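In what follows, a single structure is set out as C-alpha cells and then discussed.
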Amino acid sequence: MDEDITDIMKIVVALFITFMLVFGALFLYSGMNKPLTVVESGSMQHSDNESKIGVIDTGDIVVMVKPDKKKITSYVEGYHNGYNKFGDYGDVIIYYRDQGNPVIHRAILWLDWDPISERWSAPSLKYFDNGRWKDDNGINKDYNDLKGTLIIEGLGWKGYTASINLDSLEKHSGYLTSGDNNYYFDQDKGISTSGLIDHSHIKAIAGIEIPWFGCIKLYLNDKNISKIPDNSLPCLIVAIIDVIFFFLMIMTITNCYYIWKKERNKG
C-alpha cells in the first residue's frame with residue numbers, strides 16, 4: 001500500500017514539474033510576472049462568427065512580452081519589410097488608457113511631434129508611397145511635414161480607410177492604433193484616452209496566441225459571451241480533451257517507468 005502511495009506521489013510530482021516547466025518557459029519568454037491576458041473584445045477578430053488560429057479572437061489568451069524585450073514594428077513598417085503578426089502586418093500592442101481595461105490593438109503608424117518646429121512627421125511613410133496615404137498637402141507629398149487630416153487607405157484585411165485630424169491630437173509622439181475588426185483609428189474615436197500611444201502607455205507586446213481557453217473565464221464571469229465566435233466552444237472542448245489526454249499519457253509513461261524500474265531492481 002505504501003508503495004502505491006509512493007508511486008502516486010511520484011506521478012503527481014512529475015505532473016507538477018511539467019506544469020512548472022511550462023510556466024517557467026512562459027515567464028522567460030514574456031519577462032513579465034503575469035504573462036497571460038484574456039481577450040474580452042472582438043475588435044481584433046477577422047470574422048464576426050468564426051475563430052481562427054493565428055488571429056486574436058474573443059476568448060483567446062495572449063502571452064504578453066515585456067516592451068523592452070522586443071522592438072515594435074508598426075503596420076506601415078511591416079507592409080514594407082513583410083513582417084506579419086496575428087494575420088496582418090506589424091505588431092499588436094497592449095496599452096493602458098485612463099479609464100477601462102487595457103486595449104489590445106495593432107500599432108499602425110508612429111507619428112513624431114517636433115515641439116521646436118511644431119511639425120508632425122512619420123518617416124516610415126517613406127516606404128508606403130504607393131498612393132495609399134495623403135494629408136492636406138496632397139498625396140504622398142511630405143512625410144516630414146504632415147498637415148491637417150492624415151488619411152491612410154487599404155488598411156488591414158478589410159482594406160479600410162482611416163483618417164485622423166492631426167490638429168486634434170495632443171502634441172506628443174506616439175503610435176496611431178486600430179483594431180483589426182474596426183474601420184478607424186483609436187485616436188479618432190476616443191478609445192485611446194491619452195491620444196497617441198507613446199512608450200509610457202505600452203503595457204506589453206502581444207507574443208503568442210493560446211486559442212479558446214480564455215472562454216472559460218468569460219463563461220465563469222458571464223462576460224461578453226455573445227461576442228465569442230460560434231466555433232470557439234466546440235474547439236475549446238476538443239482542446240481540453242487533448243490536454244487531458246496529454247497529461248494521462250505523461251502519467252502512464254511515468255507509471256510504466258517506475259514499474260519497470262521496480263521490476264528491474266527486484267531482478
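Residue numbering restarts at 1 in every chain; chains get A, B, ... in the order shown in the C-alpha cells, and ligands count up from 1 in that same order.
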Write out as a PyMOL selection string which residues come within 8 Å of Tyr184 (chain A) when counting only C-alpha atoms, dropping same-chain ones fewer than 4 positions away. chain A and resi 161-163+178+188-189
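Every protein or nucleic acid residue with an atom no more than 8 Å from region 228-244 of chain A, counting only C-alpha atoms and leaving out same-chain residues fewer than 5 positions away, appears here: Gly42, Asp48, Asn49, Glu50, Ser51, Asp57, Thr58, Gly59, Trp212, Phe213 and Cys215 of chain A.
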Dump of C-alpha atoms for the selected residues, as an mmCIF file, in the first residue's frame:
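Listed below is the output, again.cif:
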data_model
loop_
_atom_site.group_PDB
_atom_site.id
_atom_site.type_symbol
_atom_site.label_atom_id
_atom_site.label_comp_id
_atom_site.auth_asym_id
_atom_site.auth_seq_id
_atom_site.Cartn_x
_atom_site.Cartn_y
_atom_site.Cartn_z
ATOM 1 C CA GLY A 42 -13.990 41.212 -30.703
ATOM 2 C CA ASP A 48 -17.638 38.034 -36.633
ATOM 3 C CA ASN A 49 -18.595 34.400 -36.056
ATOM 4 C CA GLU A 50 -15.542 32.212 -36.684
ATOM 5 C CA SER A 51 -12.461 31.835 -34.516
ATOM 6 C CA ASP A 57 -10.380 36.407 -31.194
ATOM 7 C CA THR A 58 -12.666 36.953 -28.220
ATOM 8 C CA GLY A 59 -11.894 34.273 -25.641
ATOM 9 C CA TRP A 212 -10.156 29.446 -26.909
ATOM 10 C CA PHE A 213 -9.024 28.798 -23.308
ATOM 11 C CA CYS A 215 -13.541 31.460 -22.940
#
Grab the CA of Ser121 (chain A) to CA of Ala107 (chain A) distance for me, in Å with one decimal place.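 CA of Ala107 (chain A) lies at a distance of 16.2 Å from CA of Ser121 (chain A).
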Selected residue, from A:His105, A:Lys52, A:Lys223, A:Arg119, that lies nearest to Ala204 (chain A) when counting only C-alpha atoms: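 So, comparing all the options, the nearest one is A:His105.
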Excluding Trp110 (chain A) and residues on its chain fewer than 6 positions from it, collect all residues at most 12 Å away from it, counting only C-alpha atoms, and give them as a list in words. Ile72, Thr73, Ser74, Tyr75, Val76, Glu77, Gly90, Trp120, Ser121, Ala122, Pro123, Ser124, Leu125, Tyr143, His172, Ser173, Gly174, Tyr175, Leu176, Thr177, Leu196, Ile197, Asp198 and His199 of chain A
Can you pull out every residue from region 25-265 of chain A that DSSP, working from the backbone, puts in strand (DSSP E), and format the result as a PyMOL selection string? chain A and resi 36-38+61-65+84-85+88-89+92-95+103-114+119-121+133-135+138-139+149-155+160-165+174-178+202-210
Quick one: pull the distance between CA of Asn181 (chain A) and CA of Val103 (chain A), Å, one decimal. 13.5 Å
If you run DSSP on the backbone, which residues of region 33-205 of chain A are helix (DSSP H, G or I), as a tab-separated table (two decimals) with all heavy atoms, in the first residue's frame?
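To be explicit, this is the file written out as result00.tsv:
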chain	number	residue	atom	x	y	z
A	67	PRO	N	7.76	45.15	-23.04
A	67	PRO	CA	8.12	46.03	-24.16
A	67	PRO	C	9.61	46.17	-24.43
A	67	PRO	O	10.01	46.32	-25.58
A	67	PRO	CB	7.52	47.38	-23.73
A	67	PRO	CG	6.41	47.03	-22.81
A	67	PRO	CD	6.85	45.81	-22.08
A	68	ASP	N	10.43	46.11	-23.37
A	68	ASP	CA	11.86	46.30	-23.62
A	68	ASP	C	12.56	45.04	-24.13
A	68	ASP	O	13.76	45.05	-24.37
A	68	ASP	CB	12.57	46.82	-22.36
A	68	ASP	CG	12.42	45.88	-21.16
A	68	ASP	OD1	11.94	44.75	-21.35
A	68	ASP	OD2	12.80	46.28	-20.05
A	69	LYS	N	11.80	43.96	-24.33
A	69	LYS	CA	12.39	42.73	-24.86
A	69	LYS	C	12.27	42.65	-26.38
A	69	LYS	O	12.86	41.77	-27.01
A	69	LYS	CB	11.70	41.49	-24.25
A	69	LYS	CG	12.00	41.26	-22.78
A	69	LYS	CD	11.61	39.86	-22.36
A	69	LYS	CE	12.53	38.83	-22.97
A	69	LYS	NZ	12.32	37.47	-22.46
A	75	TYR	N	2.38	48.68	-38.47
A	75	TYR	CA	1.74	48.14	-39.69
A	75	TYR	C	2.44	48.67	-40.94
A	75	TYR	O	2.75	47.91	-41.86
A	75	TYR	CB	0.26	48.52	-39.71
A	75	TYR	CG	-0.45	48.11	-40.98
A	75	TYR	CD1	-1.13	46.89	-41.05
A	75	TYR	CD2	-0.45	48.93	-42.11
A	75	TYR	CE1	-1.78	46.51	-42.23
A	75	TYR	CE2	-1.08	48.55	-43.28
A	75	TYR	CZ	-1.76	47.34	-43.33
A	75	TYR	OH	-2.38	46.97	-44.50
A	76	VAL	N	2.69	49.99	-40.97
A	76	VAL	CA	3.31	50.60	-42.15
A	76	VAL	C	4.71	50.03	-42.38
A	76	VAL	O	5.10	49.73	-43.51
A	76	VAL	CB	3.35	52.13	-41.99
A	76	VAL	CG1	4.20	52.77	-43.09
A	76	VAL	CG2	1.93	52.70	-42.04
A	77	GLU	N	5.48	49.85	-41.29
A	77	GLU	CA	6.81	49.25	-41.42
A	77	GLU	C	6.72	47.80	-41.86
A	77	GLU	O	7.50	47.34	-42.70
A	77	GLU	CB	7.55	49.34	-40.08
A	77	GLU	CG	7.91	50.77	-39.68
A	77	GLU	CD	8.39	50.85	-38.25
A	77	GLU	OE1	7.85	50.13	-37.39
A	77	GLU	OE2	9.30	51.66	-37.99
A	78	GLY	N	5.76	47.06	-41.29
A	78	GLY	CA	5.58	45.66	-41.66
A	78	GLY	C	5.16	45.49	-43.11
A	78	GLY	O	5.56	44.53	-43.78
A	79	TYR	N	4.37	46.43	-43.61
A	79	TYR	CA	3.97	46.40	-45.01
A	79	TYR	C	5.19	46.48	-45.91
A	79	TYR	O	5.26	45.85	-46.96
A	79	TYR	CB	3.01	47.55	-45.30
A	79	TYR	CG	2.53	47.61	-46.73
A	79	TYR	CD1	1.41	46.88	-47.13
A	79	TYR	CD2	3.18	48.40	-47.68
A	79	TYR	CE1	0.97	46.93	-48.45
A	79	TYR	CE2	2.75	48.45	-48.98
A	79	TYR	CZ	1.65	47.71	-49.37
A	79	TYR	OH	1.21	47.76	-50.67
A	80	HIS	N	6.18	47.27	-45.47
A	80	HIS	CA	7.40	47.45	-46.26
A	80	HIS	C	8.33	46.25	-46.18
A	80	HIS	O	8.86	45.79	-47.20
A	80	HIS	CB	8.13	48.71	-45.79
A	80	HIS	CG	9.50	48.86	-46.36
A	80	HIS	ND1	9.73	49.08	-47.70
A	80	HIS	CD2	10.73	48.80	-45.78
A	80	HIS	CE1	11.03	49.15	-47.92
A	80	HIS	NE2	11.66	48.99	-46.78
A	81	ASN	N	8.53	45.73	-44.95
A	81	ASN	CA	9.54	44.65	-44.79
A	81	ASN	C	8.95	43.25	-44.72
A	81	ASN	O	9.69	42.27	-44.58
A	81	ASN	CB	10.42	44.93	-43.57
A	81	ASN	CG	9.64	44.94	-42.26
A	81	ASN	OD1	8.61	44.29	-42.11
A	81	ASN	ND2	10.14	45.71	-41.29
A	123	PRO	N	8.38	59.24	-40.63
A	123	PRO	CA	9.40	58.80	-41.58
A	123	PRO	C	9.10	57.45	-42.23
A	123	PRO	O	9.50	57.23	-43.38
A	123	PRO	CB	10.66	58.70	-40.69
A	123	PRO	CG	10.43	59.71	-39.62
A	123	PRO	CD	8.96	59.64	-39.33
A	124	SER	N	8.39	56.56	-41.53
A	124	SER	CA	8.12	55.25	-42.13
A	124	SER	C	7.18	55.33	-43.32
A	124	SER	O	7.10	54.39	-44.12
A	124	SER	CB	7.55	54.29	-41.08
A	124	SER	OG	6.34	54.78	-40.55
A	125	LEU	N	6.46	56.44	-43.47
A	125	LEU	CA	5.61	56.61	-44.66
A	125	LEU	C	6.43	56.71	-45.94
A	125	LEU	O	5.89	56.60	-47.04
A	125	LEU	CB	4.73	57.85	-44.51
A	125	LEU	CG	3.54	57.74	-43.56
A	125	LEU	CD1	2.83	59.08	-43.43
A	125	LEU	CD2	2.56	56.67	-44.03
A	126	LYS	N	7.72	56.91	-45.79
A	126	LYS	CA	8.61	56.93	-46.94
A	126	LYS	C	8.49	55.65	-47.74
A	126	LYS	O	8.62	55.63	-48.97
A	126	LYS	CB	10.05	57.12	-46.47
A	126	LYS	CG	11.10	57.03	-47.56
A	126	LYS	CD	12.50	57.19	-46.96
A	126	LYS	CE	13.58	57.08	-48.04
A	126	LYS	NZ	14.94	57.23	-47.47
A	127	TYR	N	8.24	54.53	-47.04
A	127	TYR	CA	8.17	53.22	-47.69
A	127	TYR	C	6.72	52.82	-47.98
A	127	TYR	O	6.44	51.67	-48.32
A	127	TYR	CB	8.83	52.17	-46.80
A	127	TYR	CG	10.24	52.54	-46.40
A	127	TYR	CD1	10.53	52.93	-45.10
A	127	TYR	CD2	11.27	52.52	-47.34
A	127	TYR	CE1	11.82	53.28	-44.73
A	127	TYR	CE2	12.56	52.88	-46.99
A	127	TYR	CZ	12.82	53.25	-45.68
A	127	TYR	OH	14.10	53.60	-45.31
A	166	LEU	N	-4.87	65.76	-37.42
A	166	LEU	CA	-3.66	65.92	-36.64
A	166	LEU	C	-3.77	67.07	-35.63
A	166	LEU	O	-3.16	67.02	-34.57
A	166	LEU	CB	-2.46	66.15	-37.56
A	166	LEU	CG	-2.15	65.00	-38.54
A	166	LEU	CD1	-1.05	65.42	-39.50
A	166	LEU	CD2	-1.74	63.75	-37.78
A	167	ASP	N	-4.56	68.06	-35.96
A	167	ASP	CA	-4.72	69.20	-35.06
A	167	ASP	C	-5.48	68.82	-33.79
A	167	ASP	O	-5.43	69.55	-32.79
A	167	ASP	CB	-5.46	70.34	-35.77
A	167	ASP	CG	-4.65	70.90	-36.94
A	167	ASP	OD1	-3.41	70.85	-36.87
A	167	ASP	OD2	-5.28	71.37	-37.92
A	168	SER	N	-6.19	67.69	-33.83
A	168	SER	CA	-6.97	67.26	-32.66
A	168	SER	C	-6.13	66.46	-31.67
A	168	SER	O	-6.59	66.17	-30.56
A	168	SER	CB	-8.16	66.41	-33.12
A	168	SER	OG	-7.72	65.15	-33.63
A	186	ASP	N	-8.02	54.37	-33.18
A	186	ASP	CA	-8.49	54.53	-31.79
A	186	ASP	C	-8.50	56.00	-31.38
A	186	ASP	O	-9.37	56.44	-30.61
A	186	ASP	CB	-7.57	53.77	-30.83
A	186	ASP	CG	-7.56	52.27	-31.10
A	186	ASP	OD1	-8.44	51.79	-31.83
A	186	ASP	OD2	-6.66	51.59	-30.57
A	187	GLN	N	-7.53	56.75	-31.89
A	187	GLN	CA	-7.39	58.16	-31.51
A	187	GLN	C	-8.49	59.03	-32.10
A	187	GLN	O	-8.73	60.14	-31.63
A	187	GLN	CB	-6.01	58.68	-31.96
A	187	GLN	CG	-4.83	58.11	-31.21
A	187	GLN	CD	-4.56	56.63	-31.49
A	187	GLN	OE1	-4.92	56.12	-32.56
A	187	GLN	NE2	-3.92	55.95	-30.56
A	188	ASP	N	-9.17	58.53	-33.11
A	188	ASP	CA	-10.26	59.28	-33.74
A	188	ASP	C	-11.58	59.06	-33.03
A	188	ASP	O	-12.49	59.89	-33.14
A	188	ASP	CB	-10.38	58.89	-35.22
A	188	ASP	CG	-11.38	59.74	-35.97
A	188	ASP	OD1	-11.32	60.98	-35.82
A	188	ASP	OD2	-12.21	59.18	-36.71
A	189	LYS	N	-11.70	57.94	-32.30
A	189	LYS	CA	-12.98	57.59	-31.66
A	189	LYS	C	-12.91	57.63	-30.14
A	189	LYS	O	-13.83	57.19	-29.47
A	189	LYS	CB	-13.42	56.20	-32.11
A	189	LYS	CG	-13.67	56.08	-33.61
A	189	LYS	CD	-14.81	56.96	-34.08
A	189	LYS	CE	-15.07	56.78	-35.57
A	189	LYS	NZ	-16.18	57.64	-36.04
A	199	HIS	N	5.61	55.28	-25.48
A	199	HIS	CA	6.16	54.10	-24.82
A	199	HIS	C	5.73	53.98	-23.36
A	199	HIS	O	5.66	52.88	-22.82
A	199	HIS	CB	7.69	54.11	-24.94
A	199	HIS	CG	8.17	53.97	-26.35
A	199	HIS	ND1	7.97	52.81	-27.09
A	199	HIS	CD2	8.80	54.85	-27.18
A	199	HIS	CE1	8.49	52.97	-28.31
A	199	HIS	NE2	8.98	54.19	-28.39
A	200	SER	N	5.41	55.10	-22.73
A	200	SER	CA	4.99	55.04	-21.33
A	200	SER	C	3.61	54.42	-21.16
A	200	SER	O	3.25	53.98	-20.06
A	200	SER	CB	5.00	56.45	-20.72
A	200	SER	OG	3.99	57.27	-21.31
A	201	HIS	N	2.81	54.39	-22.23
A	201	HIS	CA	1.46	53.83	-22.16
A	201	HIS	C	1.42	52.34	-22.54
A	201	HIS	O	0.39	51.70	-22.38
A	201	HIS	CB	0.52	54.59	-23.10
A	201	HIS	CG	0.23	55.99	-22.66
A	201	HIS	ND1	0.85	57.08	-23.21
A	201	HIS	CD2	-0.59	56.48	-21.69
A	201	HIS	CE1	0.41	58.18	-22.64
A	201	HIS	NE2	-0.46	57.85	-21.70
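Picture a line from CA of Ile253 (chain A) to CA of Phe19 (chain A); it runs 16.1 Å.
Nearest to Gly214 (chain A) of all the residues A:Ile164, A:Leu111, A:Ile116, A:Ile56 is A:Ile56, based on only C-alpha atoms.
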Using only C-alpha atoms, determine which residues lie at most 10 Å from Ile208 (chain A), disregarding the query and same-chain residues fewer than 5 positions distant; provide the list as a PyMOL selection string. chain A and resi 26+29-30+36+54+56+61-65+85-86
Would you export the selected residues with N, CA and C atoms as a JSON list (two decimals), in the first residue's frame, please?
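Everything below was put into result-v2.json:
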[["chain", "number", "residue", "atom", "x", "y", "z"],
["A", 26, "LEU", "N", 7.17, 30.21, -20.16],
["A", 26, "LEU", "CA", 6.35, 31.39, -20.46],
["A", 26, "LEU", "C", 6.93, 32.64, -19.81],
["A", 29, "TYR", "N", 10.06, 33.71, -21.67],
["A", 29, "TYR", "CA", 9.70, 34.29, -22.97],
["A", 29, "TYR", "C", 9.10, 35.67, -22.79],
["A", 30, "SER", "N", 8.24, 35.80, -21.77],
["A", 30, "SER", "CA", 7.48, 37.04, -21.58],
["A", 30, "SER", "C", 8.28, 38.11, -20.87],
["A", 36, "LEU", "N", -0.02, 36.36, -18.96],
["A", 36, "LEU", "CA", -1.21, 35.99, -19.72],
["A", 36, "LEU", "C", -2.32, 37.03, -19.57],
["A", 54, "GLY", "N", -4.16, 31.82, -35.13],
["A", 54, "GLY", "CA", -3.27, 32.79, -35.73],
["A", 54, "GLY", "C", -3.85, 34.19, -35.78],
["A", 56, "ILE", "N", -6.28, 36.98, -33.29],
["A", 56, "ILE", "CA", -6.73, 37.22, -31.91],
["A", 56, "ILE", "C", -8.24, 37.39, -31.89],
["A", 61, "ILE", "N", -6.41, 33.55, -25.20],
["A", 61, "ILE", "CA", -5.43, 34.03, -24.22],
["A", 61, "ILE", "C", -4.20, 34.47, -25.01],
["A", 62, "VAL", "N", -3.67, 35.61, -24.64],
["A", 62, "VAL", "CA", -2.46, 36.12, -25.29],
["A", 62, "VAL", "C", -1.31, 36.14, -24.29],
["A", 63, "VAL", "N", -0.18, 35.58, -24.71],
["A", 63, "VAL", "CA", 1.04, 35.67, -23.92],
["A", 63, "VAL", "C", 1.70, 37.00, -24.24],
["A", 64, "MET", "N", 1.84, 37.83, -23.22],
["A", 64, "MET", "CA", 2.41, 39.17, -23.41],
["A", 64, "MET", "C", 3.93, 39.15, -23.29],
["A", 65, "VAL", "N", 4.56, 40.06, -23.99],
["A", 65, "VAL", "CA", 6.02, 40.22, -23.94],
["A", 65, "VAL", "C", 6.34, 41.61, -23.42],
["A", 85, "LYS", "N", 2.17, 39.58, -38.09],
["A", 85, "LYS", "CA", 1.87, 39.01, -36.78],
["A", 85, "LYS", "C", 0.36, 38.98, -36.59],
["A", 86, "PHE", "N", -0.17, 37.83, -36.20],
["A", 86, "PHE", "CA", -1.59, 37.65, -35.95],
["A", 86, "PHE", "C", -2.44, 38.05, -37.16]]
